[in-house]
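Listing of model-v2.tsv; format and content: TSV, C-alpha atoms and all ligand atoms.
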chain	number	residue	atom	x	y	z
A	11	MET	CA	7.22	33.15	16.12
A	12	ILE	CA	8.16	29.73	17.53
A	13	PHE	CA	8.10	26.71	15.20
A	14	ILE	CA	7.15	23.52	17.04
A	15	LYS	CA	9.69	20.84	16.12
A	16	ASP	CA	7.55	17.77	16.88
A	17	LYS	CA	4.48	19.12	15.08
A	18	TYR	CA	5.78	18.87	11.50
A	19	ARG	CA	3.87	16.74	9.00
A	20	THR	CA	5.93	15.59	6.06
A	21	PHE	CA	4.40	14.78	2.66
A	22	LYS	CA	5.99	13.40	-0.51
A	23	ASN	CA	6.26	16.89	-1.92
A	24	GLY	CA	6.64	19.03	1.15
A	25	ILE	CA	6.01	19.80	4.78
A	26	VAL	CA	3.31	21.39	6.92
A	27	TYR	CA	4.80	23.34	9.82
A	28	LEU	CA	2.97	24.32	12.95
A	29	ALA	CA	4.15	27.36	14.87
A	30	LYS	CA	2.84	29.61	17.57
A	31	THR	CA	3.10	33.34	18.07
A	32	GLU	CA	4.81	34.79	21.14
A	33	ASP	CA	1.34	35.15	22.71
A	34	ASN	CA	0.50	31.51	21.93
A	35	TYR	CA	-1.71	31.76	18.83
A	36	PRO	CA	-1.27	28.78	16.45
A	37	VAL	CA	0.00	29.37	12.91
A	38	GLU	CA	0.22	26.91	10.01
A	39	THR	CA	2.73	27.22	7.17
A	40	THR	CA	3.34	24.88	4.22
A	41	ASP	CA	6.42	24.29	2.07
A	42	THR	CA	5.70	22.38	-1.15
A	43	PHE	CA	7.16	21.82	-4.61
A	44	LEU	CA	5.97	20.46	-7.95
A	45	PRO	CA	7.41	19.86	-11.43
A	46	TYR	CA	7.41	23.02	-13.55
A	47	TYR	CA	4.98	21.69	-16.20
A	48	THR	CA	2.14	21.69	-13.61
A	49	LYS	CA	2.18	25.49	-13.81
A	50	ASN	CA	0.43	25.27	-17.18
A	51	ALA	CA	-2.93	24.36	-15.66
A	52	ILE	CA	-4.82	26.56	-18.14
A	53	GLY	CA	-3.22	24.96	-21.21
A	54	ARG	CA	-3.45	21.41	-19.79
A	55	LYS	CA	-6.94	22.11	-18.36
A	56	GLN	CA	-5.86	20.39	-15.11
A	57	ASN	CA	-2.72	20.19	-13.01
A	58	LYS	CA	-2.37	16.46	-12.41
A	59	LEU	CA	1.07	14.84	-12.38
A	60	ILE	CA	1.99	12.77	-15.43
A	61	ASN	CA	4.22	10.37	-13.45
A	62	ASN	CA	5.72	9.85	-9.97
A	63	ASP	CA	8.42	12.50	-10.42
A	64	LEU	CA	7.44	15.28	-7.99
A	65	GLY	CA	10.17	17.71	-9.08
A	66	ASN	CA	11.99	19.82	-6.52
A	67	ARG	CA	12.20	23.38	-5.18
A	68	SER	CA	14.25	24.59	-8.15
A	69	GLU	CA	11.13	24.09	-10.33
A	70	ARG	CA	7.93	25.23	-8.61
A	71	TRP	CA	8.50	26.18	-4.98
A	72	MET	CA	5.39	27.23	-3.06
A	73	ILE	CA	5.18	28.53	0.48
A	74	GLY	CA	1.68	28.68	1.94
A	75	VAL	CA	1.44	31.26	4.70
A	76	SER	CA	-1.20	32.22	7.24
A	77	CYS	CA	-2.15	35.88	7.50
A	78	GLN	CA	-4.32	35.35	10.58
A	79	SER	CA	-4.30	32.81	13.38
A	80	GLY	CA	-7.81	31.36	13.16
A	81	CYS	CA	-10.28	33.11	10.88
A	82	PRO	CA	-13.47	35.07	11.52
A	83	VAL	CA	-15.09	33.91	8.25
A	84	HIS	CA	-15.89	30.37	9.49
A	85	CYS	CA	-16.39	28.62	6.15
A	86	LYS	CA	-18.32	25.39	6.69
A	87	PHE	CA	-15.61	23.20	5.12
A	88	CYS	CA	-12.50	24.81	6.65
A	89	GLY	CA	-10.48	23.17	9.40
A	90	THR	CA	-9.59	26.62	10.74
A	91	GLY	CA	-13.06	26.62	12.29
A	92	ARG	CA	-11.77	24.38	15.09
A	93	LEU	CA	-10.03	27.48	16.54
A	94	ARG	CA	-12.31	29.62	18.68
A	95	LYS	CA	-10.11	32.73	18.76
A	96	TYR	CA	-8.44	34.61	15.95
A	97	ARG	CA	-6.06	37.51	15.56
A	98	ASN	CA	-4.37	39.27	12.67
A	99	LEU	CA	-0.71	38.37	12.21
A	100	THR	CA	1.75	41.23	11.93
A	101	SER	CA	3.75	41.69	8.72
A	102	LYS	CA	6.77	40.48	10.70
A	103	GLU	CA	4.94	37.27	11.64
A	104	ILE	CA	3.92	36.71	8.00
A	105	ILE	CA	7.50	37.25	6.80
A	106	GLU	CA	8.91	34.98	9.54
A	107	GLN	CA	6.95	32.05	8.09
A	108	ILE	CA	8.51	32.61	4.66
A	109	GLU	CA	12.04	33.10	5.97
A	110	TYR	CA	11.75	30.02	8.17
A	111	VAL	CA	10.97	27.81	5.16
A	112	ILE	CA	13.73	29.42	3.06
A	113	ASN	CA	16.28	28.95	5.87
A	114	ASN	CA	15.30	25.29	6.16
A	115	ASN	CA	16.14	24.74	2.49
A	116	ARG	CA	19.63	26.19	2.09
A	117	ASP	CA	20.25	24.05	-1.02
A	118	TYR	CA	17.78	26.19	-2.93
A	119	ASN	CA	17.64	29.90	-3.67
A	120	PRO	CA	14.18	31.42	-4.27
A	121	ASN	CA	15.69	33.79	-6.83
A	122	ASP	CA	16.84	30.76	-8.89
A	123	SER	CA	13.63	28.72	-8.79
A	124	LYS	CA	11.70	28.69	-12.08
A	125	GLU	CA	8.70	29.71	-10.01
A	126	PHE	CA	8.80	30.94	-6.42
A	127	LYS	CA	5.27	31.43	-5.16
A	128	ILE	CA	3.88	32.73	-1.88
A	129	ASN	CA	0.31	31.50	-1.43
A	130	LEU	CA	-1.69	33.52	1.09
A	131	THR	CA	-4.05	30.59	1.31
A	132	ARG	CA	-3.53	28.98	4.69
A	133	MET	CA	-5.24	30.40	7.75
A	134	GLY	CA	-7.01	33.72	7.45
A	135	GLU	CA	-8.72	36.10	5.05
A	136	PRO	CA	-6.02	38.43	3.64
A	137	PHE	CA	-8.39	41.36	3.04
A	138	LEU	CA	-9.29	41.44	6.76
A	139	ASN	CA	-5.61	42.07	7.51
A	140	ILE	CA	-4.74	43.98	4.41
A	141	ASP	CA	-2.16	46.48	5.77
A	142	ASN	CA	0.05	43.74	7.20
A	143	VAL	CA	-0.38	41.61	4.07
A	144	LYS	CA	0.61	44.47	1.75
A	145	GLU	CA	3.60	45.37	3.89
A	146	ALA	CA	4.82	41.75	3.95
A	147	ILE	CA	4.40	41.48	0.16
A	148	ASN	CA	6.43	44.67	-0.42
A	149	ILE	CA	9.27	43.51	1.81
A	150	ILE	CA	9.44	40.01	0.28
A	151	LYS	CA	9.16	41.45	-3.26
A	152	ASN	CA	12.22	43.63	-2.66
A	153	LYS	CA	14.24	40.72	-1.32
A	154	TYR	CA	13.08	38.07	-3.82
A	155	PRO	CA	12.03	40.00	-6.94
A	156	ASN	CA	10.78	36.99	-8.93
A	157	THR	CA	8.18	36.05	-6.28
A	158	HIS	CA	4.67	35.31	-7.50
A	159	PHE	CA	2.11	36.18	-4.81
A	160	TYR	CA	-1.27	34.47	-4.76
A	161	LEU	CA	-4.05	35.80	-2.51
A	162	SER	CA	-7.30	33.99	-1.89
A	163	THR	CA	-10.34	35.94	-0.70
A	164	VAL	CA	-14.05	35.40	-0.16
A	165	GLY	CA	-14.55	38.98	-1.48
A	166	ILE	CA	-14.75	41.36	1.46
A	167	LYS	CA	-16.97	44.40	0.78
A	168	ASN	CA	-15.25	47.74	0.05
A	169	SER	CA	-11.83	46.16	-0.58
A	170	ASP	CA	-9.39	47.78	-2.99
A	171	TYR	CA	-8.12	45.44	-5.72
A	172	SER	CA	-6.26	48.03	-7.81
A	173	TRP	CA	-2.93	47.37	-6.06
A	174	ILE	CA	-3.04	43.74	-7.27
A	175	LYS	CA	-0.78	44.02	-10.25
A	176	ASP	CA	2.09	42.42	-12.17
A	177	ASN	CA	3.15	39.26	-10.34
A	178	ILE	CA	0.33	39.28	-7.78
A	179	THR	CA	-2.71	37.10	-8.54
A	180	LEU	CA	-6.14	37.10	-6.93
A	181	GLN	CA	-8.27	34.05	-6.26
A	182	ILE	CA	-11.93	34.37	-5.33
A	183	SER	CA	-13.57	31.63	-3.28
A	184	LEU	CA	-16.95	31.16	-4.95
A	185	HIS	CA	-17.83	27.53	-4.13
A	186	SER	CA	-21.50	27.81	-5.12
A	187	LEU	CA	-23.42	29.68	-7.81
A	188	ASP	CA	-26.47	29.61	-5.59
A	189	GLU	CA	-26.33	32.80	-3.50
A	190	SER	CA	-28.09	31.37	-0.46
A	191	LYS	CA	-25.96	28.21	-0.49
A	192	ARG	CA	-22.83	30.34	-0.80
A	193	ASN	CA	-24.02	32.41	2.16
A	194	TRP	CA	-24.37	29.19	4.17
A	195	LEU	CA	-20.97	27.84	3.11
A	196	ILE	CA	-19.28	31.21	3.75
A	197	PRO	CA	-21.25	32.75	6.61
A	198	TYR	CA	-19.50	36.11	6.64
A	199	ILE	CA	-22.05	38.90	6.27
A	200	ASN	CA	-19.83	41.67	4.93
A	201	LYS	CA	-18.93	40.01	1.63
A	202	LEU	CA	-19.75	40.73	-2.00
A	203	SER	CA	-22.63	39.04	-3.83
A	204	ILE	CA	-21.89	36.69	-6.74
A	205	GLU	CA	-22.78	39.46	-9.20
A	206	GLU	CA	-20.46	41.92	-7.41
A	207	LEU	CA	-17.61	39.38	-7.44
A	208	GLY	CA	-17.91	39.32	-11.25
A	209	ASN	CA	-17.17	43.06	-11.34
A	210	ILE	CA	-13.77	42.70	-9.63
A	211	ARG	CA	-10.91	43.85	-11.84
A	212	THR	CA	-7.22	43.75	-10.93
A	213	ASN	CA	-4.09	44.99	-12.69
A	214	SER	CA	-2.41	41.59	-12.49
A	215	ARG	CA	-0.75	40.11	-15.55
A	216	LEU	CA	-2.75	36.93	-14.78
A	217	LYS	CA	-6.49	36.38	-14.79
A	218	THR	CA	-8.35	36.25	-11.49
A	219	THR	CA	-9.06	32.65	-10.46
A	220	ILE	CA	-12.59	31.67	-9.51
A	221	ASN	CA	-12.22	28.74	-7.15
A	222	LEU	CA	-15.07	26.26	-6.89
A	223	THR	CA	-14.75	23.60	-4.23
A	224	LEU	CA	-18.10	22.07	-5.09
A	225	VAL	CA	-19.88	20.03	-2.42
A	226	ASP	CA	-23.09	19.48	-4.39
A	227	GLU	CA	-23.72	19.28	-8.16
A	228	LYS	CA	-26.66	21.66	-7.67
A	229	ASP	CA	-24.16	24.37	-6.69
A	230	PHE	CA	-22.88	24.56	-10.27
A	231	ASP	CA	-24.85	26.64	-12.77
A	232	ILE	CA	-23.12	27.36	-16.05
A	233	SER	CA	-25.59	30.10	-17.03
A	234	ILE	CA	-24.81	32.14	-13.88
A	235	LEU	CA	-21.10	31.51	-14.31
A	236	LYS	CA	-21.25	32.79	-17.90
A	237	ARG	CA	-23.46	35.74	-16.97
A	238	TYR	CA	-21.16	37.17	-14.30
A	239	PHE	CA	-17.62	35.93	-14.97
A	240	ASP	CA	-16.18	37.15	-18.26
A	241	PRO	CA	-13.49	34.66	-19.44
A	242	LYS	CA	-11.42	37.68	-20.48
A	243	TYR	CA	-10.84	38.39	-16.77
A	244	PHE	CA	-11.52	35.11	-14.98
A	245	PHE	CA	-10.15	31.58	-14.97
A	246	ILE	CA	-12.34	28.86	-13.40
A	247	LYS	CA	-10.72	26.30	-11.12
A	248	LEU	CA	-12.47	23.23	-9.69
A	249	SER	CA	-10.80	22.00	-6.50
A	250	PRO	CA	-11.10	18.91	-4.33
A	251	LEU	CA	-12.22	19.35	-0.72
A	252	ASN	CA	-9.53	18.64	1.86
A	253	ILE	CA	-11.69	16.87	4.41
A	254	ASN	CA	-11.23	17.77	8.06
A	255	LYS	CA	-13.17	17.70	11.33
A	256	ILE	CA	-15.22	20.78	10.44
A	257	SER	CA	-16.22	19.52	6.95
A	258	ASP	CA	-17.11	16.16	8.51
A	259	LYS	CA	-19.18	17.88	11.20
A	260	ASN	CA	-21.09	19.70	8.45
A	261	LYS	CA	-21.37	16.47	6.40
A	262	LEU	CA	-19.60	17.97	3.40
A	263	ASN	CA	-17.86	15.97	0.70
A	264	GLY	CA	-16.17	17.37	-2.37
A	265	ILE	CA	-17.48	16.43	-5.82
A	266	ILE	CA	-13.94	16.29	-7.22
A	267	GLN	CA	-12.66	13.06	-5.78
A	268	SER	CA	-8.90	13.38	-6.33
A	269	ASN	CA	-6.73	14.41	-3.39
A	270	ASN	CA	-4.41	17.35	-3.11
A	271	LEU	CA	-0.87	16.14	-2.40
A	272	ILE	CA	-0.81	18.46	0.56
B	301	LIG	S1	-11.76	32.39	4.60
B	301	LIG	FE1	-10.22	30.80	4.24
B	301	LIG	S2	-9.24	30.47	6.22
B	301	LIG	FE2	-11.12	31.62	6.60
B	301	LIG	S3	-12.63	30.06	7.12
B	301	LIG	FE3	-12.81	30.45	4.91
B	301	LIG	S4	-11.45	28.95	3.93
B	301	LIG	FE4	-10.91	29.03	6.10

Just give me the structure as structure tokens.
Ligand code: SF4
Amino acid sequence: MIFIKDKYRTFKNGIVYLAKTEDNYPVETTDTFLPYYTKNAIGRKQNKLINNDLGNRSERWMIGVSCQSGCPVHCKFCGTGRLRKYRNLTSKEIIEQIEYVINNNRDYNPNDSKEFKINLTRMGEPFLNIDNVKEAINIIKNKYPNTHFYLSTVGIKNSDYSWIKDNITLQISLHSLDESKRNWLIPYINKLSIEELGNIRTNSRLKTTINLTLVDEKDFDISILKRYFDPKYFFIKLSPLNINKISDKNKLNGIIQSNNLI
């Protein structure tokens, strides 16, 4: 993996790195941090900052990795859609992204951070590259035992969720409680229905997150949410839309109007 030095974008609380594989496929990796109190999103019912102090990597350190270059799911709001080709990244290529960020921050040790989190939330659908994802998780877990892994999926049919346990958390991209609208937003045929998503059970010590990046108020229906997603197993998250060329092309705007820092 080659990281492209002049393609970094720096934010107040982190960096987006652009890299390419040996065979020239683009890869995006993020390195961000936040104050530790923002971890308590369930208790605070939101994760906004209370002041301008952004914390540092000894508090909450999050590395967002790609598991594919490009993505075959083609969500209507996702900037990954600008890439025509895709390919699965190897476990080595997934690990290289993590090690690159760690090596760029020698003042911090992941084992000493109050939270060290690997978000499999950049490019790609982890369950379409599950063997490499699992292998990368096992290798990183052995090296940095306090790592919290966070996987986001649209809910690929026939996936196994039983291995998601302990410090691994699952997020499901729901985005609309209207099945046909969800099918338009996430035009991947081989995915679970809303009802089937509600039957997912993991062995994680944390609840499964249901992520709703709402683009229309009509996409929210509390009765369907209550019918299928038992609060014993699921935590509901409302997210802003990070606008990009693809979301603009599809004339999509998020209902939540605050911006993600990165
Ligand atoms: S599954 Fe994730 S990476 Fe793939 S198109 Fe949808 S939002 Fe983008």

At most 7 Å from ligand LIG 301 (chain B) (all atoms listed in the file): residue list as a list in words: Cys81, Pro82, Val83, His84, Cys85, Cys88, Gly89, Thr90, Gly91, Thr131, Arg132, Met133, Gly134, Glu135, Thr163, Val164 and Ile196 of chain A

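Our summary of the geometry notes that CA of Ser203 (chain A) is positioned 17.5 Å from CA of Tyr243 (chain A).
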
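In terms of minimum interatomic distance to Phe126 (chain A), A:Ile112 ranks closest within A:Leu138, A:Leu235, A:Ile112, A:Leu251, counting only C-alpha atoms.
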
If we count only C-alpha atoms, what is near Gly208 (chain A) at a cut-off of 10 Å, once residues fewer than 4 positions away on the same chain are taken out, given as a short mmCIF file (atom, residue, chain, number, x, y, z; two decimals) with C-alpha atoms, in the coordinates of the input?
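The file below, result_39.cif, is the result:
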data_model
loop_
_atom_site.label_atom_id
_atom_site.label_comp_id
_atom_site.auth_asym_id
_atom_site.auth_seq_id
_atom_site.Cartn_x
_atom_site.Cartn_y
_atom_site.Cartn_z
CA ILE A 182 -11.93 34.37 -5.33
CA LEU A 202 -19.75 40.73 -2.00
CA SER A 203 -22.63 39.04 -3.83
CA ILE A 204 -21.89 36.69 -6.74
CA ILE A 220 -12.59 31.67 -9.51
CA LEU A 235 -21.10 31.51 -14.31
CA LYS A 236 -21.25 32.79 -17.90
CA ARG A 237 -23.46 35.74 -16.97
CA TYR A 238 -21.16 37.17 -14.30
CA PHE A 239 -17.62 35.93 -14.97
CA ASP A 240 -16.18 37.15 -18.26
CA TYR A 243 -10.84 38.39 -16.77
CA PHE A 244 -11.52 35.11 -14.98
#

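Across the structure, CA of Asn57 (chain A) and CA of Thr39 (chain A) are spaced 22.1 Å apart.
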
Of the listed residues A:Arg92, A:Arg192, A:His158, A:Lys167, that which approaches Arg70 (chain A) most closely, counting all atoms listed in the file: A:His158

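For the pair CA of Pro250 (chain A) and CA of Ile140 (chain A), the separation is 27.3 Å.
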
Closest of A:Leu180, A:Ile253, A:Ile128, A:Ile73 to Asn115 (chain A) - atom-to-atom distances counting only C-alpha atoms: A:Ile73

Write out as a PDB file with C-alpha atoms, in the coordinates of the input each polymer residue whose atoms come within 12 Å of Ile147 (chain A), counting all atoms listed in the file; drop sequence neighbours fewer than 6 positions from it.
ATOM      1  CA  VAL A  75       1.440  31.260   4.700  1.00  0.00           C
ATOM      2  CA  CYS A  77      -2.150  35.880   7.500  1.00  0.00           C
ATOM      3  CA  SER A 101       3.750  41.690   8.720  1.00  0.00           C
ATOM      4  CA  LYS A 102       6.770  40.480  10.700  1.00  0.00           C
ATOM      5  CA  ILE A 104       3.920  36.710   8.000  1.00  0.00           C
ATOM      6  CA  ILE A 105       7.500  37.250   6.800  1.00  0.00           C
ATOM      7  CA  ILE A 108       8.510  32.610   4.660  1.00  0.00           C
ATOM      8  CA  LYS A 127       5.270  31.430  -5.160  1.00  0.00           C
ATOM      9  CA  ILE A 128       3.880  32.730  -1.880  1.00  0.00           C
ATOM     10  CA  ASN A 129       0.310  31.500  -1.430  1.00  0.00           C
ATOM     11  CA  LEU A 130      -1.690  33.520   1.090  1.00  0.00           C
ATOM     12  CA  PRO A 136      -6.020  38.430   3.640  1.00  0.00           C
ATOM     13  CA  ILE A 140      -4.740  43.980   4.410  1.00  0.00           C
ATOM     14  CA  ASP A 141      -2.160  46.480   5.770  1.00  0.00           C
ATOM     15  CA  LYS A 153      14.240  40.720  -1.320  1.00  0.00           C
ATOM     16  CA  TYR A 154      13.080  38.070  -3.820  1.00  0.00           C
ATOM     17  CA  PRO A 155      12.030  40.000  -6.940  1.00  0.00           C
ATOM     18  CA  ASN A 156      10.780  36.990  -8.930  1.00  0.00           C
ATOM     19  CA  THR A 157       8.180  36.050  -6.280  1.00  0.00           C
ATOM     20  CA  HIS A 158       4.670  35.310  -7.500  1.00  0.00           C
ATOM     21  CA  PHE A 159       2.110  36.180  -4.810  1.00  0.00           C
ATOM     22  CA  TYR A 160      -1.270  34.470  -4.760  1.00  0.00           C
ATOM     23  CA  LEU A 161      -4.050  35.800  -2.510  1.00  0.00           C
ATOM     24  CA  TRP A 173      -2.930  47.370  -6.060  1.00  0.00           C
ATOM     25  CA  ILE A 174      -3.040  43.740  -7.270  1.00  0.00           C
ATOM     26  CA  LYS A 175      -0.780  44.020 -10.250  1.00  0.00           C
ATOM     27  CA  ASN A 177       3.150  39.260 -10.340  1.00  0.00           C
ATOM     28  CA  ILE A 178       0.330  39.280  -7.780  1.00  0.00           C
TER      29      ILE A 178
END

Shortest interatomic distance to Leu262 (chain A) - which of A:Lys86, A:Ile232, A:Ala146, A:Ile210, counting all atoms listed in the file: A:Lys86

Which neighbours of Arg19 (chain A) fall inside 12 Å, counting all atoms listed in the file, when residues of the same chain fewer than 2 positions from it are skipped, and could you give them as a CSV table (one decimal) with C-alpha atoms, keeping the file's coordinate frame?
chain,number,residue,atom,x,y,z
A,14,ILE,CA,7.2,23.5,17.0
A,15,LYS,CA,9.7,20.8,16.1
A,16,ASP,CA,7.6,17.8,16.9
A,17,LYS,CA,4.5,19.1,15.1
A,21,PHE,CA,4.4,14.8,2.7
A,22,LYS,CA,6.0,13.4,-0.5
A,23,ASN,CA,6.3,16.9,-1.9
A,24,GLY,CA,6.6,19.0,1.2
A,25,ILE,CA,6.0,19.8,4.8
A,26,VAL,CA,3.3,21.4,6.9
A,27,TYR,CA,4.8,23.3,9.8
A,28,LEU,CA,3.0,24.3,13.0
A,38,GLU,CA,0.2,26.9,10.0
A,39,THR,CA,2.7,27.2,7.2
A,40,THR,CA,3.3,24.9,4.2
A,41,ASP,CA,6.4,24.3,2.1
A,42,THR,CA,5.7,22.4,-1.2
A,272,ILE,CA,-0.8,18.5,0.6

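Using all atoms listed in the file, the smallest distance between any of A:Asn113, A:Ser76, A:Ser186, A:Ser68 and Asp229 (chain A) comes from A:Ser186.
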
Close residues, Asp226 (chain A) itself excluded, 8 Å, all atoms listed in the file, min 4 positions apart in chain, as a CSV table (one decimal) with C-alpha atoms, keeping the file's coordinate frame:
chain,number,residue,atom,x,y,z
A,230,PHE,CA,-22.9,24.6,-10.3
A,264,GLY,CA,-16.2,17.4,-2.4
A,265,ILE,CA,-17.5,16.4,-5.8

I'd like a table as CSV: residues in region 24-81 of chain A with an atom no more than 10 Å from region 93-97 of chain A, each row giving the shortest atom pair and its distance in Å to one decimal, only C-alpha atoms counted, sorted by chain and rising residue number.
residue,atom,partner,partner_atom,distance
A:Tyr35,CA,A:Tyr96,CA,7.9
A:Pro36,CA,A:Leu93,CA,8.9
A:Cys77,CA,A:Arg97,CA,9.1
A:Gln78,CA,A:Arg97,CA,5.7
A:Ser79,CA,A:Tyr96,CA,5.2
A:Gly80,CA,A:Tyr96,CA,4.3
A:Cys81,CA,A:Tyr96,CA,5.6

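Those DNA, RNA and protein residues that approach the point (-16.0, 25.4, -5.0) to within 7 Å, considering only C-alpha atoms, are Ser183, Leu184, His185, Ser186, Asn221, Leu222, Thr223, Leu224, Leu248 and Ser249 of chain A.
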